[in-house]
>>> print(open('start_3.cif').read())   # mmCIF, C-alpha atoms and all ligand atoms
data_upload
#
loop_
_atom_site.label_atom_id
_atom_site.label_comp_id
_atom_site.auth_asym_id
_atom_site.auth_seq_id
_atom_site.Cartn_x
_atom_site.Cartn_y
_atom_site.Cartn_z
CA MET A 180 147.74 -116.97 2.38
CA LEU A 181 148.46 -119.37 -0.50
CA LEU A 182 151.13 -122.06 -0.43
CA TYR A 183 152.67 -124.50 -2.88
CA VAL A 184 152.92 -128.11 -1.74
CA PRO A 185 155.54 -130.46 -3.26
CA ALA A 186 153.04 -132.01 -5.64
CA GLY A 187 152.75 -128.60 -7.21
CA CYS A 188 149.12 -127.86 -6.32
CA LEU A 189 148.00 -124.63 -4.83
CA ILE A 190 146.26 -124.78 -1.43
CA ASP A 191 145.37 -122.23 1.22
CA GLY A 192 147.08 -122.04 4.64
CA ASP A 193 144.27 -123.73 6.61
CA THR A 194 144.16 -126.73 4.30
CA PHE A 195 147.96 -126.95 4.47
CA LEU A 196 147.84 -127.00 8.27
CA SER A 197 145.20 -129.74 8.22
CA PHE A 198 147.42 -131.77 5.86
CA LEU A 199 150.33 -131.12 8.14
CA SER A 200 148.46 -132.27 11.29
CA VAL A 201 147.28 -135.44 9.55
CA GLU A 202 150.85 -136.02 8.29
CA ILE A 203 152.27 -135.52 11.82
CA LEU A 204 149.64 -137.79 13.32
CA VAL A 205 150.30 -140.57 10.81
CA ARG A 206 154.09 -140.35 11.05
CA TYR A 207 154.33 -139.98 14.77
CA ARG A 208 151.35 -142.12 15.70
CA ALA A 209 153.45 -144.52 17.78
CA CYS A 210 155.24 -141.69 19.63
CA PHE A 211 151.91 -139.97 20.28
CA ALA A 212 150.38 -143.17 21.66
CA LEU A 213 153.42 -143.70 23.89
CA TRP A 214 153.29 -140.13 25.16
CA LEU A 215 149.54 -140.50 25.87
CA ALA A 216 150.08 -143.78 27.73
CA MET A 217 152.96 -142.26 29.75
CA SER A 218 150.98 -139.21 30.71
CA LYS A 219 148.02 -141.39 31.72
CA THR A 220 150.31 -143.60 33.87
CA SER A 221 151.89 -140.57 35.51
CA GLU A 222 148.43 -139.05 36.12
CA ARG A 223 147.35 -142.36 37.72
CA LYS A 224 150.53 -142.36 39.88
CA THR A 225 149.90 -138.75 40.96
CA ASN A 226 146.30 -139.64 41.85
CA THR A 227 147.42 -142.69 43.85
CA VAL A 228 150.07 -140.69 45.71
CA SER A 229 147.62 -137.94 46.61
CA ARG A 230 145.02 -140.53 47.63
CA ASP A 231 147.61 -142.30 49.84
CA HIS A 232 148.42 -138.93 51.44
CA SER A 233 144.79 -138.30 52.19
CA ILE A 234 144.38 -141.81 53.69
CA ALA A 235 147.44 -141.30 55.91
CA ALA A 236 146.11 -137.86 56.90
CA HIS A 237 142.76 -139.45 57.81
CA TYR A 238 144.49 -141.77 60.31
CA SER A 239 147.11 -139.32 61.66
CA LYS A 240 146.25 -137.66 64.94
CA GLY A 241 149.37 -135.93 66.29
CA GLN A 242 150.65 -136.61 69.82
CA LEU A 243 149.09 -140.08 69.58
CA PHE A 244 151.85 -141.91 71.46
CA GLU A 245 151.75 -139.45 74.39
CA THR A 246 147.93 -139.63 74.51
CA ILE A 247 147.90 -143.46 74.49
CA LEU A 248 150.71 -143.75 77.01
CA ALA A 249 149.04 -141.39 79.49
CA ALA A 250 145.68 -143.20 79.17
CA ALA A 251 147.31 -146.66 79.38
CA ARG A 252 149.20 -145.72 82.52
CA GLN A 253 146.02 -144.47 84.17
CA ALA A 254 144.23 -147.72 83.34
CA ALA A 255 147.07 -150.20 84.04
CA ALA A 256 147.60 -152.15 87.26
CA ASP A 257 151.30 -151.17 87.21
CA PRO A 258 151.57 -147.82 85.39
CA MET A 259 155.38 -147.90 85.15
CA ARG A 260 155.56 -151.44 83.74
CA LEU A 261 153.06 -151.67 80.92
CA ARG A 262 152.41 -155.09 79.40
CA GLN A 263 151.23 -155.84 75.88
CA ALA A 264 147.80 -156.86 77.23
CA ASP A 265 147.36 -153.42 78.86
CA LEU A 266 147.23 -151.83 75.39
CA ALA A 267 144.51 -154.10 73.97
CA PRO A 268 141.60 -151.64 74.34
CA VAL A 269 143.30 -149.24 71.91
CA ASP A 270 145.75 -151.11 69.72
CA GLU A 271 143.48 -153.61 67.94
CA PHE A 272 141.84 -151.19 65.49
CA HIS A 273 139.21 -153.46 63.93
CA ILE A 274 135.68 -154.64 64.66
CA GLY A 275 135.72 -156.71 67.86
CA GLY A 276 139.22 -155.56 68.92
CA LEU A 277 141.13 -158.19 70.91
CA VAL A 278 138.13 -160.57 70.99
CA ALA A 279 138.21 -160.73 67.17
CA THR A 280 142.02 -161.14 67.14
CA GLU A 281 141.88 -164.02 69.62
CA ARG A 282 139.56 -165.94 67.31
CA PHE A 283 141.19 -164.88 64.02
CA ILE A 284 144.92 -165.43 64.63
CA PRO A 285 144.85 -169.13 65.76
CA GLN A 286 143.50 -170.01 62.30
CA LEU A 287 146.98 -169.25 60.90
CA GLY A 288 148.57 -172.17 62.79
CA LEU A 289 151.63 -170.09 63.75
CA GLN A 290 154.82 -171.63 65.13
CA LYS A 291 157.58 -170.11 67.28
CA GLU A 292 160.31 -168.26 65.38
CA GLN A 293 158.29 -168.02 62.17
CA ARG A 294 158.58 -164.82 60.13
CA VAL A 295 155.11 -163.28 59.88
CA LEU A 296 153.79 -160.27 57.94
CA ASP A 297 151.08 -157.88 59.17
CA VAL A 298 149.76 -155.94 56.15
CA GLY A 299 148.45 -152.52 57.25
CA SER A 300 149.70 -152.95 60.81
CA GLY A 301 148.24 -149.72 62.26
CA ILE A 302 149.70 -148.99 65.70
CA GLY A 303 150.95 -152.58 65.83
CA GLY A 304 148.57 -154.26 68.29
CA THR A 305 148.07 -157.50 66.35
CA ALA A 306 151.77 -157.72 65.42
CA ARG A 307 152.79 -157.41 69.08
CA TYR A 308 150.06 -159.86 70.12
CA VAL A 309 151.48 -162.46 67.70
CA ALA A 310 155.05 -161.76 68.82
CA ALA A 311 154.16 -162.04 72.52
CA LYS A 312 151.85 -165.07 72.29
CA TYR A 313 153.55 -167.19 69.61
CA GLY A 314 157.18 -166.05 69.78
CA CYS A 315 157.13 -165.10 66.08
CA ARG A 316 159.14 -162.33 64.42
CA VAL A 317 156.61 -159.95 62.91
CA ALA A 318 157.08 -157.28 60.24
CA GLY A 319 154.34 -154.69 59.77
CA VAL A 320 153.82 -152.37 56.81
CA ASP A 321 151.58 -149.32 57.05
CA LEU A 322 150.89 -146.20 55.02
CA THR A 323 150.56 -143.88 58.04
CA PRO A 324 153.97 -142.71 59.35
CA GLU A 325 152.59 -141.70 62.74
CA PHE A 326 151.01 -145.14 63.26
CA CYS A 327 154.34 -146.85 62.46
CA GLN A 328 156.21 -144.64 64.93
CA VAL A 329 153.59 -145.24 67.64
CA ALA A 330 153.82 -149.00 66.89
CA ARG A 331 157.61 -148.90 67.43
CA ASP A 332 157.35 -146.75 70.58
CA LEU A 333 154.68 -149.00 72.10
CA ALA A 334 156.76 -152.10 71.29
CA LYS A 335 159.67 -150.53 73.17
CA GLU A 336 157.38 -149.66 76.07
CA VAL A 337 156.24 -153.29 76.50
CA GLY A 338 159.63 -154.87 75.76
CA LEU A 339 158.88 -156.38 72.33
CA SER A 340 161.19 -154.26 70.14
CA GLU A 341 163.43 -157.22 69.30
CA GLN A 342 160.58 -159.21 67.80
CA VAL A 343 158.69 -156.62 65.76
CA GLU A 344 159.56 -154.11 63.05
CA PHE A 345 157.35 -151.55 61.34
CA HIS A 346 157.87 -150.13 57.86
CA VAL A 347 156.20 -147.03 56.43
CA GLY A 348 154.90 -147.64 52.92
CA THR A 349 152.18 -149.02 50.74
CA ALA A 350 151.14 -152.65 50.85
CA LEU A 351 151.14 -152.56 47.04
CA ALA A 352 154.97 -152.46 46.92
CA MET A 353 156.49 -153.93 50.08
CA PRO A 354 160.21 -153.76 50.90
CA PHE A 355 160.67 -157.54 51.13
CA GLY A 356 162.12 -160.22 48.89
CA ASP A 357 160.09 -162.97 47.22
CA ALA A 358 158.98 -165.86 49.49
CA SER A 359 160.35 -164.24 52.64
CA PHE A 360 157.43 -164.93 55.05
CA ASP A 361 155.96 -168.09 56.62
CA ALA A 362 152.53 -166.49 57.12
CA ALA A 363 150.67 -163.21 56.62
CA PHE A 364 147.53 -161.52 57.85
CA THR A 365 145.64 -158.29 57.30
CA LEU A 366 142.89 -156.77 59.42
CA HIS A 367 140.61 -153.98 58.18
CA VAL A 368 142.97 -152.47 55.59
CA ALA A 369 141.79 -153.28 52.04
CA MET A 370 138.74 -151.00 52.48
CA ASN A 371 141.23 -148.20 51.69
CA ILE A 372 142.81 -149.96 48.69
CA GLU A 373 141.27 -149.73 45.24
CA ASP A 374 143.57 -152.14 43.40
CA LYS A 375 142.99 -155.23 45.51
CA GLY A 376 144.21 -157.53 42.73
CA ALA A 377 147.63 -155.85 42.98
CA LEU A 378 147.48 -156.04 46.80
CA TYR A 379 146.90 -159.80 46.89
CA ARG A 380 149.49 -160.46 44.15
CA GLU A 381 152.05 -158.51 46.21
CA ILE A 382 151.20 -160.50 49.36
CA ALA A 383 151.46 -163.77 47.38
CA ARG A 384 154.88 -162.65 46.11
CA VAL A 385 156.40 -162.26 49.59
CA LEU A 386 154.88 -165.50 50.97
CA LYS A 387 156.51 -168.93 50.80
CA PRO A 388 154.48 -171.49 48.83
CA GLY A 389 152.11 -173.42 51.11
CA SER A 390 151.95 -170.65 53.73
CA CYS A 391 148.78 -169.28 55.26
CA PHE A 392 147.28 -165.85 54.54
CA ALA A 393 144.35 -164.67 56.69
CA VAL A 394 142.08 -161.73 55.86
CA TYR A 395 139.65 -159.97 58.23
CA ASP A 396 138.09 -157.09 56.32
CA VAL A 397 134.91 -155.12 55.81
CA LEU A 398 133.31 -156.11 52.49
CA ALA A 399 130.38 -154.76 50.49
CA GLY A 400 126.96 -156.10 51.40
CA PRO A 401 124.09 -156.71 48.95
CA GLU A 402 122.55 -153.29 49.76
CA LEU A 403 125.69 -151.19 49.21
CA GLY A 404 124.64 -148.06 47.36
CA ALA A 405 124.52 -144.30 47.25
CA GLU A 406 122.96 -144.11 50.71
CA PHE A 407 126.09 -145.57 52.37
CA LEU A 408 126.71 -143.41 55.44
CA PHE A 409 129.99 -141.49 55.92
CA PRO A 410 132.12 -140.91 57.90
CA VAL A 411 133.08 -144.46 58.89
CA PRO A 412 136.25 -145.37 60.82
CA TRP A 413 138.30 -146.01 57.64
CA SER A 414 137.13 -143.01 55.62
CA THR A 415 135.19 -139.77 55.73
CA GLN A 416 134.33 -139.92 52.00
CA ALA A 417 133.52 -142.30 49.16
CA GLU A 418 136.78 -141.37 47.33
CA THR A 419 138.91 -143.37 49.79
CA SER A 420 136.54 -146.26 50.48
CA PHE A 421 136.63 -149.31 48.19
CA LEU A 422 134.35 -152.12 49.26
CA VAL A 423 133.93 -155.26 47.17
CA SER A 424 131.63 -158.25 47.51
CA ILE A 425 132.65 -161.62 48.94
CA GLU A 426 132.36 -163.09 45.42
CA ALA A 427 134.80 -160.49 44.05
CA MET A 428 137.17 -161.19 46.96
CA ARG A 429 137.15 -164.92 46.23
CA ALA A 430 137.90 -164.27 42.56
CA MET A 431 140.75 -161.82 43.28
CA LEU A 432 142.41 -164.03 45.89
CA THR A 433 142.20 -167.07 43.62
CA ALA A 434 143.62 -165.11 40.67
CA ALA A 435 146.49 -163.90 42.90
CA GLY A 436 147.54 -167.49 43.65
CA PHE A 437 145.63 -168.48 46.79
CA ASP A 438 143.39 -171.43 47.62
CA ILE A 439 140.55 -170.30 49.88
CA GLU A 440 140.11 -172.77 52.73
CA LEU A 441 137.57 -171.07 54.99
CA VAL A 442 135.14 -168.16 54.72
CA SER A 443 133.24 -166.75 57.72
CA ASP A 444 130.59 -164.06 57.73
CA ARG A 445 131.18 -162.04 60.96
CA ARG A 446 128.11 -159.79 60.71
CA ASP A 447 126.29 -161.22 63.76
CA PHE A 448 129.45 -161.09 65.84
CA ALA A 449 129.93 -157.42 64.85
CA LEU A 450 126.39 -156.39 65.76
CA GLU A 451 126.59 -158.16 69.15
CA PHE A 452 129.97 -156.57 69.82
CA PHE A 453 128.65 -153.06 69.11
CA GLU A 454 125.52 -153.69 71.17
CA ALA A 455 127.69 -154.51 74.20
CA LEU A 456 130.01 -151.56 73.47
CA HIS A 457 127.05 -149.20 73.28
CA GLU A 458 125.82 -150.34 76.69
CA LYS A 459 129.27 -149.90 78.24
CA ALA A 460 129.74 -146.46 76.64
CA SER A 461 126.45 -145.24 78.12
CA GLN A 462 128.20 -145.40 81.51
CA GLY A 463 130.96 -143.13 80.17
CA LEU A 464 133.94 -143.57 77.84
CA PRO A 465 136.93 -145.52 79.18
CA GLN A 466 140.32 -143.79 79.46
CA LEU A 467 141.85 -146.11 76.91
CA GLY A 468 139.87 -147.05 73.83
CA MET A 469 139.69 -146.96 70.05
CA HIS A 470 138.09 -143.51 70.26
CA LEU A 471 141.66 -142.19 70.74
CA LEU A 472 142.45 -143.37 67.18
CA MET A 473 139.29 -142.01 65.58
CA GLY A 474 139.24 -138.41 66.77
CA GLU A 475 136.35 -136.23 67.83
CA ASP A 476 133.82 -137.63 65.36
CA PHE A 477 134.41 -141.21 66.53
CA ALA A 478 130.76 -141.58 67.66
CA SER A 479 129.39 -140.80 64.19
CA LYS A 480 132.06 -142.97 62.52
CA VAL A 481 131.10 -145.97 64.65
CA GLY A 482 127.35 -145.19 64.54
CA ASN A 483 127.38 -144.96 60.73
CA MET A 484 129.35 -148.17 60.39
CA VAL A 485 126.92 -150.05 62.63
CA GLU A 486 123.95 -148.67 60.68
CA ASN A 487 125.61 -149.64 57.37
CA ILE A 488 126.13 -153.17 58.73
CA ARG A 489 122.53 -153.33 59.98
CA GLN A 490 121.24 -152.28 56.55
CA HIS A 491 123.40 -154.94 54.81
CA ARG A 492 125.47 -152.27 53.03
CA CYS A 493 128.70 -153.75 54.38
CA GLY A 494 129.95 -156.27 56.91
CA PRO A 495 133.09 -157.94 58.25
CA TRP A 496 134.31 -161.27 56.82
CA GLU A 497 137.20 -163.61 57.48
CA LEU A 498 138.93 -165.54 54.70
CA ILE A 499 141.62 -168.10 55.45
CA CYS A 500 143.74 -168.81 52.37
CA ARG A 501 146.78 -170.85 51.39
CA ARG A 502 149.46 -169.72 48.99
CA LYS A 503 149.62 -172.27 46.15
C1 LIG B 601 141.51 -149.51 60.43
S1 LIG B 601 143.25 -149.47 60.46
C2 LIG B 601 143.66 -151.15 60.91
C3 LIG B 601 145.02 -151.26 61.51
C4 LIG B 601 145.42 -152.65 62.00
N1 LIG B 601 145.38 -153.63 60.97
C5 LIG B 601 144.55 -153.08 63.15
O1 LIG B 601 143.66 -153.91 62.95
O2 LIG B 601 144.75 -152.58 64.26
C6 LIG B 601 143.65 -149.41 58.72
C7 LIG B 601 145.14 -149.26 58.46
O3 LIG B 601 145.41 -149.51 57.08
C8 LIG B 601 146.48 -148.67 56.69
N2 LIG B 601 146.49 -148.60 55.22
C9 LIG B 601 145.53 -148.09 54.40
N3 LIG B 601 145.92 -148.20 53.11
C10 LIG B 601 147.13 -148.79 53.11
C11 LIG B 601 148.07 -149.17 52.10
N4 LIG B 601 147.81 -148.96 50.80
N5 LIG B 601 149.20 -149.77 52.47
C12 LIG B 601 149.50 -149.98 53.78
N6 LIG B 601 148.67 -149.63 54.78
C13 LIG B 601 147.50 -149.05 54.46
C14 LIG B 601 146.18 -147.36 57.39
O4 LIG B 601 147.30 -146.53 57.47
C15 LIG B 601 145.69 -147.87 58.75
O5 LIG B 601 146.74 -147.97 59.67
#
>>> encode(input="start_3.cif", output="structure tokens")
Amino acid sequence: MLLYVPAGCLIDGDTFLSFLSVEILVRYRACFALWLAMSKTSERKTNTVSRDHSIAAHYSKGQLFETILAAARQAAADPMRLRQADLAPVDEFHIGGLVATERFIPQLGLQKEQRVLDVGSGIGGTARYVAAKYGCRVAGVDLTPEFCQVARDLAKEVGLSEQVEFHVGTALAMPFGDASFDAAFTLHVAMNIEDKGALYREIARVLKPGSCFAVYDVLAGPELGAEFLFPVPWSTQAETSFLVSIEAMRAMLTAAGFDIELVSDRRDFALEFFEALHEKASQGLPQLGMHLLMGEDFASKVGNMVENIRQHRCGPWELICRRK
């Protein structure tokens, strides 16, 4: 096919179409770039949403409240009047459980009546511990709807409903105003979060200037690599596990507006804790324990994590920071 173009020259159809595409590209370059950027952003959002779903699915168990309640009643001194302390074997879902919490939380210097944030609150053990021990009002945010419901139901069970609240959602966009908390903490959560810069900026946003933010998380070790063993308690696959080094953590927290006051490597504590746990478990599993949160493959999750820690592929750290 032959065509006339306005300049009066004769060109064939293919050449005309090439001219046309170049013309469209040049004219609508800005629109095209905008469309490309928008589709990339929406693709990123879709990926994040589906990743969040798969993280929540990883932690969801079904019938968790009933299972915990039955086990707690069997183990408690007074089955019909459960106390917060009775839940400790199951509701502190991080390396060292209550022992780790009892060392970690005092570093925040909490005062009665303060408003405190628990980022990634799980089934609410640490939030209730802080409410019961310090008389604070604690808000938890967690991605897993079942964990939030169990956290509320357990709070009711031990008479702490007035002091704690649990919100379903991502820690990257929390439902709180700027500078609304006196302190914040997070235990074993950021391993599931890729954009840690955004996480720490969001936490800085909701904290009052001068307030304390404490992190207890599993970070990458010097030997992190392809041979990292899965499943681990926070993930069954590399796609939902994001470990960074202590140096990267320092840089991200500083950039988000925090001064870092104290850093502790908790590797030795972790290995001793698991050694003792292993000995205890050889006499049989307790009724109430973190295995209820991890499902049937809990032994390989814990075993792999311990081996990863032993091989310096990862390890738990504490960072105590202050909002500038
Ligand atoms: C290992 S559990 C720790 C729970 C609790 N901090 C504790 O120590 O008992 C990790 C928790 O992080 C939550 N989580 C993961 N990604 C999250 C996100 N983007 N926003 C909020 N919570 C998240 C999970 O739903 C899960 O409850």
>>> residues_near_ligand(input="start_3.cif", ligand="ligand LIG 601 (chain B)", cutoff="6 Å", atoms="only C-alpha atoms and all ligand atoms", output="VMD selection string")
chain A and resid 235 270 to 273 299 to 301 304 320 to 323 348 to 350 365 to 368 371 to 372 413
>>> closest_residue(input="start_3.cif", among="A:Arg282, A:Arg384, A:Arg331, A:Arg294", to="A:His346", atoms="all atoms listed in the file")
A:Arg331
>>> atom_distance(input="start_3.cif", atom1="atom CA of A:Trp496", atom2="atom CA of A:Ala399")
9.9 Å
>>> closest_residue(input="start_3.cif", among="A:Met431, A:Phe452, A:Pro401, A:Ile439", to="A:Cys493", atoms="all atoms listed in the file")
A:Pro401
>>> closest_residue(input="start_3.cif", among="A:Lys240, A:Pro410, A:Thr433, A:His232", to="A:Gly474", atoms="only C-alpha atoms")
A:Lys240
>>> closest_residue(input="start_3.cif", among="A:Gly303, A:Pro495, A:Gly356, A:Gly376", to="A:Val442", atoms="only C-alpha atoms")
A:Pro495
>>> closest_residue(input="start_3.cif", among="A:His470, A:Lys312, A:Lys335, A:Arg502", to="A:Ser390", atoms="all atoms listed in the file")
A:Arg502
>>> closest_residue(input="start_3.cif", among="A:Val329, A:Ile234, A:Ala306, A:Met473", to="A:Thr419", atoms="all atoms listed in the file")
A:Ile234
>>> residues_around(input="start_3.cif", residues="A:Leu408", least_positions_apart="2", cutoff="8 Å", atoms="all atoms listed in the file", output="PDB file with C-alpha atoms, in the coordinates of the input")
ATOM      1  CA  GLU A 406     122.960-144.110  50.710  1.00  0.00           C
ATOM      2  CA  PRO A 410     132.120-140.910  57.900  1.00  0.00           C
ATOM      3  CA  VAL A 411     133.080-144.460  58.890  1.00  0.00           C
ATOM      4  CA  ASN A 483     127.380-144.960  60.730  1.00  0.00           C
ATOM      5  CA  MET A 484     129.350-148.170  60.390  1.00  0.00           C
ATOM      6  CA  GLU A 486     123.950-148.670  60.680  1.00  0.00           C
ATOM      7  CA  ASN A 487     125.610-149.640  57.370  1.00  0.00           C
TER       8      ASN A 487
END
>>> atom_distance(input="start_3.cif", atom1="atom CA of A:Ala255", atom2="atom CA of A:Val337")
12.3 Å
>>> residues_around(input="start_3.cif", residues="A:Gly241", least_positions_apart="4", cutoff="10 Å", atoms="only C-alpha atoms", output="VMD selection string")
chain A and resid 245 to 246 325 to 326
>>> residues_near_point(input="start_3.cif", point="(141.7, -163.3, 51.6)", cutoff="8 Å", atoms="all atoms listed in the file", output="list of chain:residue names")
A:Tyr379, A:Phe392, A:Ala393, A:Val394, A:Tyr395, A:Met428, A:Arg429, A:Leu432, A:Ile439, A:Glu497, A:Leu498, A:Ile499, A:Cys500
>>> residues_near_point(input="start_3.cif", point="(144.6, -153.7, 70.0)", cutoff="12 Å", atoms="only C-alpha atoms", output="MDAnalysis selection string")
chainID A and resid 247 263:281 300:309 330 333 366 467:469 471:472
>>> atom_distance(input="start_3.cif", atom1="atom CA of A:Phe407", atom2="atom CA of A:Ile425")
17.7 Å
>>> residues_around(input="start_3.cif", residues="A:Phe409", least_positions_apart="3", cutoff="8 Å", atoms="only C-alpha atoms", output="list in words")
Ser414, Thr415, Gln416, Ala417, Lys480 and Asn483 of chain A
>>> axis_aligned_box(input="start_3.cif", around="stretch 465-478 of chain A", padding_each_side="5 Å", output="lines of an AutoDock Vina configuration file")
center_x = 136.6
center_y = -141.6
center_z = 72.4
size_x = 21.7
size_y = 20.8
size_z = 24.1
>>> decode(input="start_3.cif", residues="stretch 349-406 of chain A", atoms="C-alpha atoms", output="PDB file, in the first residue's frame")
ATOM      1  CA  THR A 349       0.413  -3.002  58.099  1.00  0.00           C
ATOM      2  CA  ALA A 350       3.050  -1.287  60.180  1.00  0.00           C
ATOM      3  CA  LEU A 351       3.924   0.715  57.064  1.00  0.00           C
ATOM      4  CA  ALA A 352       0.713   2.782  57.333  1.00  0.00           C
ATOM      5  CA  MET A 353      -0.593   2.848  60.896  1.00  0.00           C
ATOM      6  CA  PRO A 354      -3.980   4.301  61.871  1.00  0.00           C
ATOM      7  CA  PHE A 355      -2.554   6.870  64.312  1.00  0.00           C
ATOM      8  CA  GLY A 356      -1.891  10.591  64.223  1.00  0.00           C
ATOM      9  CA  ASP A 357       1.567  12.176  64.250  1.00  0.00           C
ATOM     10  CA  ALA A 358       3.371  12.224  67.635  1.00  0.00           C
ATOM     11  CA  SER A 359       0.659  10.204  69.386  1.00  0.00           C
ATOM     12  CA  PHE A 360       2.854   7.779  71.407  1.00  0.00           C
ATOM     13  CA  ASP A 361       5.268   8.180  74.345  1.00  0.00           C
ATOM     14  CA  ALA A 362       7.221   5.024  73.441  1.00  0.00           C
ATOM     15  CA  ALA A 363       7.259   2.168  70.923  1.00  0.00           C
ATOM     16  CA  PHE A 364       8.753  -1.281  70.590  1.00  0.00           C
ATOM     17  CA  THR A 365       8.863  -4.087  68.061  1.00  0.00           C
ATOM     18  CA  LEU A 366       9.892  -7.700  68.583  1.00  0.00           C
ATOM     19  CA  HIS A 367      10.715 -10.064  65.708  1.00  0.00           C
ATOM     20  CA  VAL A 368       8.633  -8.366  63.000  1.00  0.00           C
ATOM     21  CA  ALA A 369      10.872  -6.566  60.483  1.00  0.00           C
ATOM     22  CA  MET A 370      12.185  -9.919  59.170  1.00  0.00           C
ATOM     23  CA  ASN A 371       8.911  -9.961  57.180  1.00  0.00           C
ATOM     24  CA  ILE A 372       9.193  -6.351  55.964  1.00  0.00           C
ATOM     25  CA  GLU A 373      11.205  -5.471  52.879  1.00  0.00           C
ATOM     26  CA  ASP A 374      10.918  -1.675  53.044  1.00  0.00           C
ATOM     27  CA  LYS A 375      12.426  -1.136  56.481  1.00  0.00           C
ATOM     28  CA  GLY A 376      13.218   2.509  55.714  1.00  0.00           C
ATOM     29  CA  ALA A 377       9.465   3.137  55.314  1.00  0.00           C
ATOM     30  CA  LEU A 378       8.760   1.116  58.486  1.00  0.00           C
ATOM     31  CA  TYR A 379      11.088   3.186  60.686  1.00  0.00           C
ATOM     32  CA  ARG A 380       9.913   6.486  59.143  1.00  0.00           C
ATOM     33  CA  GLU A 381       6.318   5.499  59.956  1.00  0.00           C
ATOM     34  CA  ILE A 382       7.247   4.623  63.552  1.00  0.00           C
ATOM     35  CA  ALA A 383       9.129   7.947  63.889  1.00  0.00           C
ATOM     36  CA  ARG A 384       6.026   9.757  62.593  1.00  0.00           C
ATOM     37  CA  VAL A 385       3.723   8.446  65.338  1.00  0.00           C
ATOM     38  CA  LEU A 386       6.253   8.965  68.168  1.00  0.00           C
ATOM     39  CA  LYS A 387       6.635  12.159  70.199  1.00  0.00           C
ATOM     40  CA  PRO A 388      10.075  13.781  69.878  1.00  0.00           C
ATOM     41  CA  GLY A 389      12.448  12.517  72.576  1.00  0.00           C
ATOM     42  CA  SER A 390      10.575   9.223  73.064  1.00  0.00           C
ATOM     43  CA  CYS A 391      12.174   5.805  73.152  1.00  0.00           C
ATOM     44  CA  PHE A 392      11.909   3.168  70.412  1.00  0.00           C
ATOM     45  CA  ALA A 393      13.252  -0.335  71.132  1.00  0.00           C
ATOM     46  CA  VAL A 394      13.880  -3.018  68.506  1.00  0.00           C
ATOM     47  CA  TYR A 395      14.464  -6.740  69.127  1.00  0.00           C
ATOM     48  CA  ASP A 396      14.812  -8.409  65.737  1.00  0.00           C
ATOM     49  CA  VAL A 397      16.611 -11.122  63.832  1.00  0.00           C
ATOM     50  CA  LEU A 398      19.238  -9.561  61.552  1.00  0.00           C
ATOM     51  CA  ALA A 399      21.509 -10.933  58.837  1.00  0.00           C
ATOM     52  CA  GLY A 400      24.806 -12.404  59.965  1.00  0.00           C
ATOM     53  CA  PRO A 401      28.092 -12.240  58.030  1.00  0.00           C
ATOM     54  CA  GLU A 402      27.486 -15.710  56.526  1.00  0.00           C
ATOM     55  CA  LEU A 403      23.963 -15.080  55.211  1.00  0.00           C
ATOM     56  CA  GLY A 404      23.733 -16.672  51.782  1.00  0.00           C
ATOM     57  CA  ALA A 405      22.007 -19.105  49.492  1.00  0.00           C
ATOM     58  CA  GLU A 406      22.375 -21.934  51.999  1.00  0.00           C
TER      59      GLU A 406
END
